Structure formats: C-alpha cells, structure tokens
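Enquirer: Sharing protein_37.txt (compact mmCIF, C-alpha atoms) below.
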# COMPACT_ATOMS: atom_id res chain seq x y z
CA MET L 84 -37.98 73.66 8.13
CA ASN L 85 -35.11 71.42 7.11
CA MET L 86 -35.73 71.23 3.38
CA PHE L 87 -32.58 73.22 2.66
CA LYS L 88 -29.11 71.77 2.18
CA LYS L 89 -27.47 71.34 5.58
CA THR L 90 -24.46 73.42 6.48
CA LYS L 91 -22.35 73.67 9.60
CA ALA L 92 -22.28 77.45 9.22
CA LYS L 93 -23.94 79.60 11.88
CA THR L 94 -23.16 83.05 10.47
CA VAL L 95 -23.08 84.84 7.11
CA LYS L 96 -19.26 84.83 7.17
CA GLU L 97 -19.07 81.08 7.93
CA TYR L 98 -21.60 80.33 5.18
CA LEU L 99 -19.60 82.30 2.59
CA GLU L 100 -16.35 80.63 3.70
CA ALA L 101 -17.93 77.16 3.30
CA VAL L 102 -19.13 77.65 -0.30
CA PRO L 103 -17.21 75.31 -2.63
CA PRO L 104 -14.64 76.99 -4.92
CA GLU L 105 -16.65 76.41 -8.10
CA ARG L 106 -19.59 78.45 -6.70
CA LYS L 107 -17.78 80.91 -4.43
CA GLU L 108 -17.51 83.73 -7.00
CA ALA L 109 -21.21 83.51 -7.95
CA ILE L 110 -22.47 83.33 -4.33
CA GLU L 111 -20.24 86.18 -3.19
CA PHE L 112 -21.30 88.28 -6.19
CA LEU L 113 -25.00 87.67 -5.46
CA HIS L 114 -24.50 88.38 -1.74
CA THR L 115 -23.06 91.81 -2.61
CA PHE L 116 -25.55 92.40 -5.44
CA ILE L 117 -28.56 91.77 -3.15
CA GLN L 118 -27.21 94.11 -0.46
CA LYS L 119 -26.47 96.91 -2.97
CA THR L 120 -29.82 96.53 -4.76
CA ALA L 121 -32.01 96.22 -1.65
CA PRO L 122 -30.00 97.79 1.20
CA THR L 123 -32.97 97.75 3.60
CA LEU L 124 -32.92 93.93 3.53
CA LYS L 125 -30.20 93.24 6.11
CA ALA L 126 -28.10 90.09 5.65
CA HIS L 127 -28.31 87.30 8.23
CA PHE L 128 -27.94 83.52 8.47
CA SER L 129 -31.34 81.87 8.19
CA TYR L 130 -32.47 78.24 7.78
CA ASN L 131 -29.19 76.89 6.34
CA MET L 132 -28.81 79.77 3.86
CA LEU L 133 -28.13 83.46 3.61
CA GLY L 134 -31.20 85.54 4.38
CA TYR L 135 -31.93 89.17 3.58
CA GLY L 136 -34.65 91.06 5.40
CA SER L 137 -37.41 89.31 7.32
CA PHE L 138 -41.10 89.32 8.09
CA PRO L 139 -43.28 87.56 10.68
CA TYR L 140 -44.65 84.24 9.44
CA LYS L 141 -47.00 81.83 11.19
CA ASN L 142 -46.03 78.22 10.44
CA ASN L 143 -48.32 75.18 10.44
CA LYS L 144 -47.70 74.74 14.21
CA ASN L 145 -49.06 78.27 14.81
CA GLN L 146 -45.60 79.51 15.81
CA ILE L 147 -44.61 83.01 14.71
CA LEU L 148 -41.20 82.92 13.03
CA GLN L 149 -39.09 85.58 11.36
CA TRP L 150 -38.74 84.38 7.76
CA HIS L 151 -36.29 85.87 5.26
CA THR L 152 -37.62 88.04 2.44
CA ILE L 153 -34.80 86.86 0.15
CA GLY L 154 -32.86 83.63 0.65
CA LEU L 155 -29.64 82.70 -1.18
CA ALA L 156 -28.61 79.05 -1.10
CA ASN L 157 -25.87 76.96 -2.63
CA GLN L 158 -27.58 73.66 -3.47
CA LYS L 159 -25.96 70.45 -4.71
CA ASN L 160 -26.66 71.05 -8.43
CA TYR L 161 -27.63 74.72 -8.62
CA ILE L 162 -27.94 78.07 -6.86
CA SER L 163 -31.33 79.07 -5.50
CA LEU L 164 -32.78 82.47 -4.73
CA TYR L 165 -35.92 82.32 -2.61
CA VAL L 166 -37.99 85.45 -3.10
CA CYS L 167 -40.64 85.43 -0.37
CA ALA L 168 -42.60 88.37 -1.68
CA VAL L 169 -46.00 88.97 -3.26
CA GLU L 170 -47.41 91.67 -5.48
CA ASN L 171 -51.06 91.74 -6.59
CA GLY L 172 -51.67 88.28 -5.12
CA LYS L 173 -48.87 86.63 -7.12
CA TYR L 174 -45.32 85.64 -6.20
CA ILE L 175 -42.88 88.23 -7.57
CA ALA L 176 -40.53 85.53 -8.92
CA GLU L 177 -43.40 84.11 -11.01
CA THR L 178 -44.33 87.57 -12.27
CA TYR L 179 -40.83 88.08 -13.72
CA LYS L 180 -40.31 84.43 -14.76
CA LYS L 181 -40.05 85.02 -18.52
CA GLU L 182 -37.51 87.84 -18.16
CA LEU L 183 -35.20 86.20 -15.59
CA GLY L 184 -33.16 84.23 -18.12
CA ASN L 185 -32.26 80.56 -18.41
CA VAL L 186 -33.61 79.75 -14.94
CA LYS L 187 -36.21 77.53 -13.34
CA VAL L 188 -38.91 79.37 -11.40
CA GLY L 189 -41.34 77.76 -8.97
CA LYS L 190 -43.60 80.10 -6.99
CA SER L 191 -40.99 81.91 -4.89
CA CYS L 192 -37.83 80.04 -5.97
CA ILE L 193 -35.43 80.94 -8.78
CA SER L 194 -32.85 78.21 -9.53
CA PHE L 195 -29.96 78.30 -11.98
CA LYS L 196 -26.65 76.55 -12.60
CA LYS L 197 -24.42 79.54 -13.35
CA LEU L 198 -24.61 83.28 -12.86
CA SER L 199 -24.53 83.96 -16.60
CA ASP L 200 -27.92 82.18 -16.89
CA LEU L 201 -29.55 84.90 -14.79
CA ASN L 202 -30.70 88.28 -16.16
CA LEU L 203 -29.30 90.64 -13.51
CA ASP L 204 -31.29 93.67 -14.71
CA THR L 205 -34.53 91.76 -14.13
CA LEU L 206 -33.22 90.39 -10.83
CA LYS L 207 -32.71 94.01 -9.69
CA ASN L 208 -36.42 94.67 -10.30
CA VAL L 209 -37.35 91.48 -8.43
CA LEU L 210 -35.21 92.41 -5.41
CA LYS L 211 -36.53 95.97 -5.23
CA ALA L 212 -40.14 94.77 -5.46
CA ALA L 213 -39.46 92.10 -2.80
CA GLY L 214 -38.14 94.72 -0.39
CA LYS L 215 -41.48 96.53 -0.61
CA ASN L 216 -43.75 93.44 -0.52
CA PRO L 217 -42.37 90.67 1.75
CA GLY L 218 -44.56 87.67 2.51
CA PHE L 219 -46.29 84.65 1.03
CA VAL L 220 -49.49 84.42 -1.01
CA GLY L 221 -52.32 84.63 1.51
CA LEU L 222 -50.36 86.77 3.99
CA GLU L 223 -50.97 90.10 2.24
CA LYS L 224 -54.18 90.67 4.20
CA ASP L 225 -52.28 90.07 7.47
CA ARG L 226 -49.86 92.93 6.67
CA LYS L 227 -52.53 95.59 6.08
What does this structure look like when you write it as structure tokens?
Expert:
Amino acid sequence: MNMFKKTKAKTVKEYLEAVPPERKEAIEFLHTFIQKTAPTLKAHFSYNMLGYGSFPYKNNKNQILQWHTIGLANQKNYISLYVCAVENGKYIAETYKKELGNVKVGKSCISFKKLSDLNLDTLKNVLKAAGKNPGFVGLEKDRK
C-alpha cells in the first residue's frame, strides 16, 4: 500500500527526526501520548508512518501482513491518525466522531490541522478501545 506520504525514514527515530518543524511538536506529543495511553501497542515504523501495535491482515492478493492498530502520519496539509479497530461492527473512530473535536473522520481515519483541534480526552478512549479491538470491519469473525 503506497497511499501514504512517502518518507525516506526506515525507523521510528528517523521518522520523528524528519517531521517538519511546524508539525514536530504535535507529532512528538501524539507519539508519546499514544504510548502512554495504550502501552501494549508497541511503536514501530509501518507503511511510511508511525505504527502502534499490529494484527494479521489478509490483503487483496491473499498475502497475510502485519498491519498497525494505530497509525500516525504527517501528511502535506494535516495530521492523520489511522485507528484500525472495530467495536460492535463499527469503526471506533466513527463511533467517537462527534466527540473528537474539530476533525475530519472517515471510517478509520481521523485528520486534523492542529493538535488543539483534537479532543484528547476522547482520543484516550479511542486509543484504549483500539488496543482491545484491532482490525477492520469484516475481520471481527476471523479473530474469534
């Protein structure tokens, strides 16, 4: 999957070092916030972004990949949090959409321009729920 902004980074440290100055504080804060809130989701570099936790995922080529439960990406015009987690057949990000703040939510993606747009108390709930329910809609039956 190459739909994510390309980076030359190959590690978490390299990714954090490459974040532009205007986003560095927000990305570093979120990196720490995710690890403190959901410590079982270990940080790693994944698909041109920071990943936290993982679960087995079968792609459209029938390959089994390890996909991140949470992804944190610095995009051109915004910051994205990918929450690959499902509760009661619905993406967790969508469930909390109205309480997340001045953000855009699409299925498993939360996008925002600045950290102050995001309701961190609600994000805590999202991260904790994601740690317990990783996956995509349709995969829940595969985990049981």
Enquirer: Have a look at L:Thr178, L:Val188, L:Lys207, L:Asn171 and name the one nearest to L:Val220; count all atoms listed in the file.
Expert: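 Nearest candidate to L:Val220 out of L:Thr178, L:Val188, L:Lys207, L:Asn171: L:Asn171.
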Enquirer: Just checking: using all atoms listed in the file, which residue out of L:Ala168, L:Leu210, L:Leu99, L:Leu148 ends up closest to L:Leu133?
Expert: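 Residue with the minimum atom-to-atom distance to L:Leu133: L:Leu99.
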Enquirer: From the list L:Thr123, L:Asn131, L:Asn202, L:Thr90, which residue is nearest L:Thr152 when using all atoms listed in the file?
Expert: L:Thr123
Enquirer: Considering all atoms listed in the file, return as a list in words whatever protein or nucleic-acid residues lie within 12 Å of L:Lys141, sequence-local ones (same chain, fewer than 4 positions apart) excluded.
Expert: Asn145, Gln146, Ile147, Leu148, Gln149, Trp150, Gly218, Phe219, Gly221, Leu222 and Asp225 of chain L
Enquirer: What does the distance between atom CA of L:Ala126 and atom CA of L:Val95 come to in Å, to one decimal place?
Expert: 7.4 Å
Enquirer: Would you mind listing what lies within 12 Å of stretch 100-115 of chain L as a PyMOL selection string, with only C-alpha atoms counted and same-chain residues fewer than 2 positions away left out?
Expert: chain L and resi 88-98+117-122+124-128+131-135+153-164+195-201+203+206-207+210
Enquirer: If you measure from atom CA of L:Val169 to atom CA of L:Lys215, what distance in Å do you get, rounded to one decimal?
Expert: 9.2 Å
Enquirer: What's the separation between atom CA of L:Phe138 and atom CA of L:Lys181, in Å to one decimal place?
Expert: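 Atom-to-atom, atom CA of L:Phe138 and atom CA of L:Lys181 are spaced 27.0 Å apart.
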Enquirer: Identify which of the residues L:Ser194, L:Asn142, L:Ser137, L:Asn185 lies closest to L:Tyr165, counting only C-alpha atoms when measuring atom-to-atom distances.
Expert: L:Ser194
Enquirer: Nearest to L:Ser129: which of L:Val166, L:Asp204, L:Gly214, L:His151 is it, counting all atoms listed in the file?
Expert: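 Checking each candidate against L:Ser129, we get L:His151 as the closest.
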Enquirer: Taking only C-alpha atoms into account, which of L:Asn216, L:Gly172, L:Cys167, L:Gly136 comes nearest L:Ile193?
Expert: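 That would be L:Cys167, the residue with the smallest distance to L:Ile193.
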Enquirer: Taking the structure I provided as the source, export stretch 93-227 of chain L with C-alpha atoms, as a compact mmCIF listing (two decimals), in the first residue's frame.
Expert:
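Once everything was written out, this is result-v5.txt:
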# COMPACT_ATOMS: atom_id res chain seq x y z
CA LYS L 93 13.07 3.47 7.97
CA THR L 94 12.71 3.69 11.76
CA VAL L 95 10.58 5.50 14.35
CA LYS L 96 13.55 7.71 15.27
CA GLU L 97 14.24 8.65 11.62
CA TYR L 98 10.55 9.41 11.04
CA LEU L 99 10.39 11.72 14.06
CA GLU L 100 13.62 13.47 13.01
CA ALA L 101 12.21 14.08 9.50
CA VAL L 102 8.97 15.77 10.63
CA PRO L 103 8.98 19.44 9.56
CA PRO L 104 9.45 22.00 12.37
CA GLU L 105 5.87 23.30 12.20
CA ARG L 106 4.49 19.81 12.99
CA LYS L 107 7.29 18.35 15.11
CA GLU L 108 5.81 19.32 18.50
CA ALA L 109 2.36 17.89 17.64
CA ILE L 110 3.72 14.61 16.18
CA GLU L 111 6.12 14.08 19.08
CA PHE L 112 3.35 14.83 21.59
CA LEU L 113 0.99 12.33 19.90
CA HIS L 114 3.75 9.71 19.69
CA THR L 115 4.24 9.93 23.47
CA PHE L 116 0.50 10.27 24.17
CA ILE L 117 -0.32 7.07 22.22
CA GLN L 118 2.40 5.09 24.01
CA LYS L 119 1.31 6.31 27.47
CA THR L 120 -2.40 5.74 26.78
CA ALA L 121 -2.07 2.33 25.11
CA PRO L 122 1.27 0.89 26.30
CA THR L 123 0.54 -2.58 24.88
CA LEU L 124 0.59 -1.09 21.36
CA LYS L 125 4.34 -1.08 20.69
CA ALA L 126 5.71 1.64 18.40
CA HIS L 127 7.26 0.69 15.05
CA PHE L 128 7.76 2.11 11.56
CA SER L 129 4.99 0.89 9.26
CA TYR L 130 3.92 1.85 5.72
CA ASN L 131 5.53 5.32 5.65
CA MET L 132 4.19 6.28 9.10
CA LEU L 133 4.49 5.51 12.76
CA GLY L 134 2.59 2.38 13.74
CA TYR L 135 1.46 1.19 17.16
CA GLY L 136 0.51 -2.42 17.76
CA SER L 137 -0.34 -4.80 14.92
CA PHE L 138 -2.68 -7.54 13.82
CA PRO L 139 -2.65 -10.05 10.94
CA TYR L 140 -4.44 -8.76 7.86
CA LYS L 141 -5.08 -10.53 4.55
CA ASN L 142 -4.76 -8.10 1.63
CA ASN L 143 -6.46 -8.35 -1.76
CA LYS L 144 -3.56 -10.52 -3.03
CA ASN L 145 -4.27 -13.05 -0.24
CA GLN L 146 -1.00 -12.16 1.50
CA ILE L 147 -1.01 -12.07 5.29
CA LEU L 148 0.53 -8.81 6.51
CA GLN L 149 1.03 -7.33 9.95
CA TRP L 150 -1.00 -4.10 9.89
CA HIS L 151 -0.74 -1.40 12.56
CA THR L 152 -3.61 -0.95 15.01
CA ILE L 153 -2.90 2.79 15.22
CA GLY L 154 -1.04 4.76 12.56
CA LEU L 155 0.27 8.32 12.98
CA ALA L 156 1.17 10.21 9.82
CA ASN L 157 2.31 13.70 8.96
CA GLN L 158 0.52 14.49 5.69
CA LYS L 159 1.02 17.52 3.44
CA ASN L 160 -1.91 19.55 4.83
CA TYR L 161 -2.84 17.77 8.06
CA ILE L 162 -2.00 15.10 10.63
CA SER L 163 -3.75 11.74 10.35
CA LEU L 164 -4.42 9.09 12.95
CA TYR L 165 -5.46 5.76 11.47
CA VAL L 166 -7.42 3.74 14.01
CA CYS L 167 -7.69 0.22 12.60
CA ALA L 168 -10.08 -1.08 15.20
CA VAL L 169 -13.71 -2.18 15.35
CA GLU L 170 -16.26 -2.40 18.11
CA ASN L 171 -19.77 -3.80 17.59
CA GLY L 172 -19.24 -3.96 13.82
CA LYS L 173 -18.35 -0.26 13.51
CA TYR L 174 -15.02 1.55 13.22
CA ILE L 175 -14.08 3.03 16.60
CA ALA L 176 -13.10 6.38 15.03
CA GLU L 177 -16.62 6.70 13.56
CA THR L 178 -18.20 5.78 16.90
CA TYR L 179 -16.45 8.72 18.62
CA LYS L 180 -16.66 11.10 15.63
CA LYS L 181 -18.89 13.74 17.26
CA GLU L 182 -16.76 13.96 20.41
CA LEU L 183 -13.31 14.08 18.76
CA GLY L 184 -13.34 17.83 18.12
CA ASN L 185 -12.77 19.91 15.00
CA VAL L 186 -11.56 16.92 12.98
CA LYS L 187 -12.50 15.04 9.84
CA VAL L 188 -13.35 11.37 10.36
CA GLY L 189 -13.62 8.78 7.61
CA LYS L 190 -14.12 5.17 8.69
CA SER L 191 -10.80 4.54 10.46
CA CYS L 192 -9.04 7.87 9.79
CA ILE L 193 -9.02 10.99 11.98
CA SER L 194 -7.49 14.04 10.27
CA PHE L 195 -6.84 17.49 11.73
CA LYS L 196 -4.68 20.54 11.08
CA LYS L 197 -3.50 21.30 14.61
CA LEU L 198 -3.39 19.47 17.91
CA SER L 199 -5.74 21.96 19.58
CA ASP L 200 -8.50 20.80 17.16
CA LEU L 201 -8.44 17.34 18.73
CA ASN L 202 -10.26 16.41 21.96
CA LEU L 203 -7.52 14.47 23.78
CA ASP L 204 -9.87 13.04 26.44
CA THR L 205 -11.95 11.41 23.71
CA LEU L 206 -8.80 10.31 21.87
CA LYS L 207 -7.74 8.47 25.05
CA ASN L 208 -10.98 6.48 24.92
CA VAL L 209 -10.44 5.74 21.22
CA LEU L 210 -6.88 4.51 21.79
CA LYS L 211 -7.83 2.30 24.73
CA ALA L 212 -10.73 0.76 22.78
CA ALA L 213 -8.46 0.23 19.75
CA GLY L 214 -5.94 -1.67 21.87
CA LYS L 215 -8.67 -4.15 22.78
CA ASN L 216 -10.30 -4.44 19.32
CA PRO L 217 -7.74 -4.24 16.48
CA GLY L 218 -8.88 -4.98 12.94
CA PHE L 219 -11.10 -3.85 10.10
CA VAL L 220 -14.87 -4.21 9.65
CA GLY L 221 -15.42 -7.76 8.47
CA LEU L 222 -12.36 -9.16 10.27
CA GLU L 223 -14.01 -9.49 13.70
CA LYS L 224 -15.21 -13.00 12.90
CA ASP L 225 -11.65 -14.00 11.93
CA ARG L 226 -10.36 -13.04 15.41
CA LYS L 227 -12.82 -15.17 17.39
